[in-house]
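Here is the structure we will look at, set down as structure tokens.
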Amino acid sequence: MAIRQRQSRRPAVGRLLLPALLLCWCCRAAPERLRYTIPEELDRGSLVGPLARDLGLSPAELPARKLRLSAAKQYFTVSGENGNLYVSERLDREEMCGKSASCSVSFEAVVQNPLNVFHIDVAIQDVNDNFPSFPQDSFQLEINELTSPGTRFPLGTAEDADVGSNSLQSYKLEANEYFAVEVKESKDGSKFAELVLRRALDREREQSLRLVLTAVDGGDPPRSGTAQLCINVTDANDNAPVFAQERYRVSLRENALPGSTVLNVSASDADAGSNSRITYGFGKMPPKVLQKFVVDGESGRITLQEALDFEDTRSYTLLVEARDGGGLLAHCEVEVEVLDVNDNAPEITVLSVSSPVPEDAPAGTVVALLNVKDPDSGENGQMWCELLGEAPLSLVASSGGSYKVVTASALDREQASEHRMTVVARDRGSPALSSSTALVLEVSDVNDNAPVFEEAAYSSYVEENNAVGALVLHVSARDADTGSNGRVRYSIEGSSPGSAPSVSVESQSGAVYAQRSFDYEQCREFAVVVRAQDGGEPARSSTATVRVFVLDSNDNAPQVLWPAVATGTNTGLSSAAAPFEMVPRSAEAGYLVAKVVAVDADAGRNAWLSYELVQASEPALFLVRLHSGEVRTARAVSEKDAAKQRLVAVVKDHGQPALSATATLQVVLAETLQEALPELSERAAGADSAAELQFSLVLALALLSALFLLSVALAVLARGRRGGPPAVLHCLGVQRFSGAGAGAAFPADFCEGTLPYSYNLCVAPGRAVAEASWPPLLVPSLPAAELLGGEQSLPTGESPAEPNEPQVYEGIGTADLCVYMKE
């Protein structure tokens with residue numbers, strides 16, 4: 001069972017305070033370093049400790065928090081069900097930590113949502129699972145018989161892989177009368193045996209000895225190892241070699257090249273001859289040390305044989321022997337200290353990366369966890385890290401060489417969809433070493449941008465009478481977001497009154513189509529609002545105004561207002577009571593007979609009207625002005641001309657193709673109405689009785705009106721000489737042609753103000769004309785010179801009517817009404 005330890009504990013101060021203290025202690029435990037202690041050699045699956053509980057995590061939180069371990073070698077595993085820490089493979093303390101007094105495995109526990117890291121230390125306790133052992137099974141010693149009692153002979157060190165109380169503790173020697181064994185402790189704490197001569201030897205009595213040396217550790221139960229001592233007694237050589245120093249110390253940089261000289265040892269012997277010849281060698285040492293160094297037997301020079309590594313071994317103790325020709329030995333120790341050099345660059349380990357990160361992540365969000373280590377020591381092992389790149393990220397140091405990469409400011413995927421950065425770690429050695437690793441952080445999109453139209457307002461011109469479903473224009477909006485957040489759909493948001501069903505928009509392409517055929521005369525322009533909306537949640541949208549202008553086409557023929565066109569339901573009136581004009585036979589060339597008045601509902605060139613005489617009883621007698629529609633005499637009227645003249649004029653517009661209408665005008669050549677009556681009677685001979693009666697009434701009324709007006713005219717002339725017109729003359733107010741009686745025919749969309757002329761009609765008080773018996777007569781309120789002479793002219797500085805405005809031309813008729821013209 002694992003034994004858990006804490007870095008900080010607080011004693012209980014009372015049974016009532018114990019639950020509160022335990023709660024605080026558990027809450028504080030999570031951010032501290034957790035320590036567990038287990039013995040080595042545990043079976044796989046053995047429990048180390050309740051890691052999740054010590055981190056403050058409940059079993060219900062484990063699936064969401066995703067507790068896992070981060071280590072270079074996975075000695076342990078964590079259960080996903082209960083969060084307990086278990087051994088994943090056999091642990092051999094001697095293999096993991098060697099002779100180190102303490103042995104532990106450090107790793108990090110990482111949890112998600114939110115991301116955090118915890119440092120775990122598991123101490124591995126030693127068990128007495130190794131026997132002490134000698135480097136060799138037997139030791140060969142040659143000791144001169146003259147060796148004095150008390151002389152010591154080093155036997156070397158037995159090796160025990162265990163540490164602490166389980167390591168080597170003592171040596172025992174088989175019982176004999178000459179030798180004893182004593183235990184010595186070296187500077188590094190290891191225990192070695194020295195053979196002590198307690199009694200002088202006698203080669204003649206005993207030439208050799210066979211003794212068993214036993215090394216015993218301190219375990220429970222103790223373990224031991226043995227080696228055999230073979231001691232040969234030699235002849236007298238009474239002077240042993242003597243080293244210049246009993247202990248040598250030397251420092252060597254770890255980057256020293258193999259073959260470098262460590263130092264020279266020297267020893268002297270007072271004997272002469274072969275007994276004074278000294279050879280050098282190493283005593284009993286571990287094979288690892290013997291691989292690193294070599295000593296020259298003649299000179300005593302110690303040379304480096306393999307490269308050193310400060311991170312592996314920081315010091316070596318060499319046992320050097322000097323042997324003379326008589327077999328006497330001397331020993332000294334050489335302590336080699338390995339000096340660290342900056343030969344290891346920092347190591348960067350990426351523990352976790354949270355990618356992609358939403359672009360609305362707040363500043364300070366942890367996006368990656370790093371661990372940086374440098375096996376060097378001192379300043380060579382001191383490190384500092386930095387983050388290179390333009391990314392809005394920063395590096396925050398944590399405990400145990402860990403670093404957090406956090407957002408320093410708001411992210412914007414539209415500016416950068418991913419951030420590439422480099423983490424650089426440098427030590428403080430000289431020269432400094434560094435290492436780097438690249439991190440790529442992707443930024444996920446959120447719906448933070450509304451669609452933007454390419455234009456704030458769109459305009460389109462469409463010919464009227466278009467086909468239903470015709471393309472009007474395309475609108476386009478772009479959304480800087482991606483995926484569904486950037487997928488734009490279009491819809492009609494609103495429109496001007498009466499235009500709601502006029503157009504529709506295709507939701508994906510933004511194509512605007514006409515939903516009906518447009519009529520310029522009914523609607524010349526309209527506007528709709530198109531909305532572009534993305535597919536985000538919540539959705540964002542924007543609008544643009546689409547203004548559609550309808551272009552005119554020549555789809556309306558001119559309409560003749562005067563002379564009035566006979567209706568098909570009153571043919572009798574058409575023939576008997578058709579309007580006529582009376583022209584005196586004394587009329588000269590240019591006499592104004594009448595004026596054809598017509599309008600066109602179209603605009604521009606489609607509404608420009610021209611007049612032409614296409615049929616006449618006497619073609620040479622009359623002419624029609626091209627633009628004004630005035631019917632005038634082309635020459636003077638003669639007695640040979642027929643009394644009744646029939647004129648047919650055609651009115652054409654300037655559209656492509658041109659449309660036209662015809663107007664028929666009856667002219668009677670007579671000086672007075674009495675002269676015209678016979679002609680009119682003959683005109684009415686073929687009419688039915690009702691038409692004749694109506695026509696007779698009209699003629700009688702006209703005759704009476706003419707007599708009355710003649711009287712009024714004479715009175716006016718007589719009164720005018722005395723300073724003004726008579727007060728008995730009443731003139732009607734100015735009114736537009738559109739305000740005429742019901743007999744005038746107007747187009748459905750004809751608005752007031754179309755005709756540019758005003759009329760003043762003078763009638764006798766108390767007289768009325770039946771609407772059905774006579775059509776309204778229209779007289780322009782113009783100067784006499786313009787009425788009687790030529791085509792209509794515009795005032796100086798005035799331009800012709802706008803091309804898009806309907807063009808209207810009027811005519812004048814003569815009957816039994818007189819015209820009062822103002823100069």
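Within each chain, counting starts at residue 1; across the structure tokens, chains are named A, B, ... in the order shown, with ligands numbered 1 upward in that order.
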
Original post:
Leaving out stretch 164-179 of chain A and any residue of its chain fewer than 4 positions from it, which residues lie within 6 Å of it when counting only C-alpha atoms, given as a PyMOL selection string?
Top reply: chain A and resi 128+160+196-199+211-219

Subject >> Residues within 7 Å of A:Ile231, only C-alpha atoms, excluding chain neighbours under 4 positions, as a ChimeraX atom specification >> reply: /A:140-143,208-210

Preceding selection exported with N, CA, C and O atoms as a PDB file, in the first residue's frame:
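Result file is out-v6.pdb:
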ATOM      1  N   GLN A 140      44.228 -12.766  -4.239  1.00  0.00           N
ATOM      2  CA  GLN A 140      45.592 -13.311  -4.095  1.00  0.00           C
ATOM      3  C   GLN A 140      46.468 -12.266  -3.423  1.00  0.00           C
ATOM      4  O   GLN A 140      46.622 -11.147  -3.931  1.00  0.00           O
ATOM      5  N   LEU A 141      47.007 -12.620  -2.231  1.00  0.00           N
ATOM      6  CA  LEU A 141      47.881 -11.723  -1.485  1.00  0.00           C
ATOM      7  C   LEU A 141      49.226 -12.412  -1.250  1.00  0.00           C
ATOM      8  O   LEU A 141      49.279 -13.602  -0.936  1.00  0.00           O
ATOM      9  N   GLU A 142      50.264 -11.637  -1.466  1.00  0.00           N
ATOM     10  CA  GLU A 142      51.610 -12.100  -1.131  1.00  0.00           C
ATOM     11  C   GLU A 142      52.169 -11.203  -0.030  1.00  0.00           C
ATOM     12  O   GLU A 142      52.330  -9.992  -0.244  1.00  0.00           O
ATOM     13  N   ILE A 143      52.434 -11.793   1.107  1.00  0.00           N
ATOM     14  CA  ILE A 143      52.885 -11.040   2.278  1.00  0.00           C
ATOM     15  C   ILE A 143      54.233 -11.619   2.734  1.00  0.00           C
ATOM     16  O   ILE A 143      54.366 -12.837   2.941  1.00  0.00           O
ATOM     17  N   SER A 208      51.261 -20.593   3.197  1.00  0.00           N
ATOM     18  CA  SER A 208      50.052 -19.953   2.633  1.00  0.00           C
ATOM     19  C   SER A 208      48.867 -20.178   3.564  1.00  0.00           C
ATOM     20  O   SER A 208      48.862 -21.126   4.348  1.00  0.00           O
ATOM     21  N   LEU A 209      47.901 -19.248   3.413  1.00  0.00           N
ATOM     22  CA  LEU A 209      46.680 -19.324   4.197  1.00  0.00           C
ATOM     23  C   LEU A 209      45.464 -19.205   3.256  1.00  0.00           C
ATOM     24  O   LEU A 209      45.473 -18.458   2.268  1.00  0.00           O
ATOM     25  N   ARG A 210      44.388 -19.933   3.594  1.00  0.00           N
ATOM     26  CA  ARG A 210      43.113 -19.850   2.853  1.00  0.00           C
ATOM     27  C   ARG A 210      42.031 -19.422   3.846  1.00  0.00           C
ATOM     28  O   ARG A 210      41.660 -20.175   4.734  1.00  0.00           O
TER      29      ARG A 210
END

Original post:
Excluding same-chain residues fewer than 6 positions from A:Arg585, what lies within 7 Å of it counting only C-alpha atoms, as an NGL selection string?
Top reply: :A and (637-638 or 669-671)

Could you dump the residues just selected with N, CA, C and O atoms as a JSON list (two decimals), in the first residue's frame?
[["chain", "number", "residue", "atom", "x", "y", "z"],
["A", 637, "VAL", "N", -60.15, 80.78, -100.01],
["A", 637, "VAL", "CA", -61.34, 80.00, -100.39],
["A", 637, "VAL", "C", -61.97, 80.69, -101.63],
["A", 637, "VAL", "O", -62.11, 81.92, -101.69],
["A", 638, "SER", "N", -62.35, 79.86, -102.58],
["A", 638, "SER", "CA", -62.98, 80.38, -103.81],
["A", 638, "SER", "C", -64.42, 79.90, -103.90],
["A", 638, "SER", "O", -64.84, 78.98, -103.16],
["A", 669, "LEU", "N", -68.22, 75.71, -95.71],
["A", 669, "LEU", "CA", -67.79, 76.99, -96.26],
["A", 669, "LEU", "C", -69.01, 77.89, -96.37],
["A", 669, "LEU", "O", -69.88, 77.67, -97.24],
["A", 670, "ALA", "N", -69.11, 78.86, -95.49],
["A", 670, "ALA", "CA", -70.26, 79.77, -95.51],
["A", 670, "ALA", "C", -69.87, 81.02, -94.75],
["A", 670, "ALA", "O", -69.08, 80.95, -93.79],
["A", 671, "GLU", "N", -70.46, 82.16, -95.19],
["A", 671, "GLU", "CA", -70.16, 83.41, -94.52],
["A", 671, "GLU", "C", -70.91, 83.51, -93.20],
["A", 671, "GLU", "O", -70.38, 84.00, -92.21]]

At most 10 Å is the cut-off: for each residue in stretch 246-269 of chain A with any atom that close to an atom of stretch 285-302 of chain A, write down the nearest atom pair and the distance in Å rounded to one decimal, counting only C-alpha atoms, chain first then increasing number, as a Markdown table.
| residue | atom | partner | partner_atom | distance |
| --- | --- | --- | --- | --- |
| A:Pro258 | CA | A:Lys292 | CA | 8.9 |
| A:Gly259 | CA | A:Phe293 | CA | 9.3 |
| A:Ser260 | CA | A:Ile302 | CA | 8.8 |
| A:Thr261 | CA | A:Ile302 | CA | 6.1 |
| A:Val262 | CA | A:Ile302 | CA | 5.4 |
| A:Leu263 | CA | A:Ile302 | CA | 5.6 |
| A:Asn264 | CA | A:Arg301 | CA | 4.2 |
| A:Val265 | CA | A:Gly300 | CA | 5.1 |
| A:Ser266 | CA | A:Gly300 | CA | 6.1 |
| A:Ala267 | CA | A:Gly300 | CA | 8.6 |

**OP:** Give me, please, the distance in Å between atom CA of A:Ala564 and atom CA of A:Leu665, quoted to one decimal.
**Re:** 9.3 Å

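Across stretch 89-258 of chain A, DSSP run on the backbone finds alpha helix (DSSP H) at A:Arg93, A:Glu94, A:Glu95, A:Met96, A:Cys97.
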
Those selected residues, please, written with N, CA, C and O atoms and delivered as a PDB file, in the first residue's frame.
ATOM      1  N   ARG A  93      14.549  -0.184  -8.077  1.00  0.00           N
ATOM      2  CA  ARG A  93      15.163   1.039  -7.607  1.00  0.00           C
ATOM      3  C   ARG A  93      16.619   1.124  -8.018  1.00  0.00           C
ATOM      4  O   ARG A  93      17.111   2.201  -8.393  1.00  0.00           O
ATOM      5  N   GLU A  94      17.333   0.023  -7.970  1.00  0.00           N
ATOM      6  CA  GLU A  94      18.744   0.037  -8.310  1.00  0.00           C
ATOM      7  C   GLU A  94      18.948   0.349  -9.800  1.00  0.00           C
ATOM      8  O   GLU A  94      19.901   1.039 -10.176  1.00  0.00           O
ATOM      9  N   GLU A  95      18.049  -0.112 -10.610  1.00  0.00           N
ATOM     10  CA  GLU A  95      18.154   0.166 -12.039  1.00  0.00           C
ATOM     11  C   GLU A  95      17.778   1.630 -12.342  1.00  0.00           C
ATOM     12  O   GLU A  95      18.360   2.261 -13.230  1.00  0.00           O
ATOM     13  N   MET A  96      16.836   2.149 -11.564  1.00  0.00           N
ATOM     14  CA  MET A  96      16.359   3.505 -11.825  1.00  0.00           C
ATOM     15  C   MET A  96      17.281   4.565 -11.238  1.00  0.00           C
ATOM     16  O   MET A  96      17.555   5.579 -11.887  1.00  0.00           O
ATOM     17  N   CYS A  97      17.761   4.364 -10.021  1.00  0.00           N
ATOM     18  CA  CYS A  97      18.484   5.425  -9.324  1.00  0.00           C
ATOM     19  C   CYS A  97      19.890   5.039  -8.904  1.00  0.00           C
ATOM     20  O   CYS A  97      20.629   5.888  -8.375  1.00  0.00           O
TER      21      CYS A  97
END
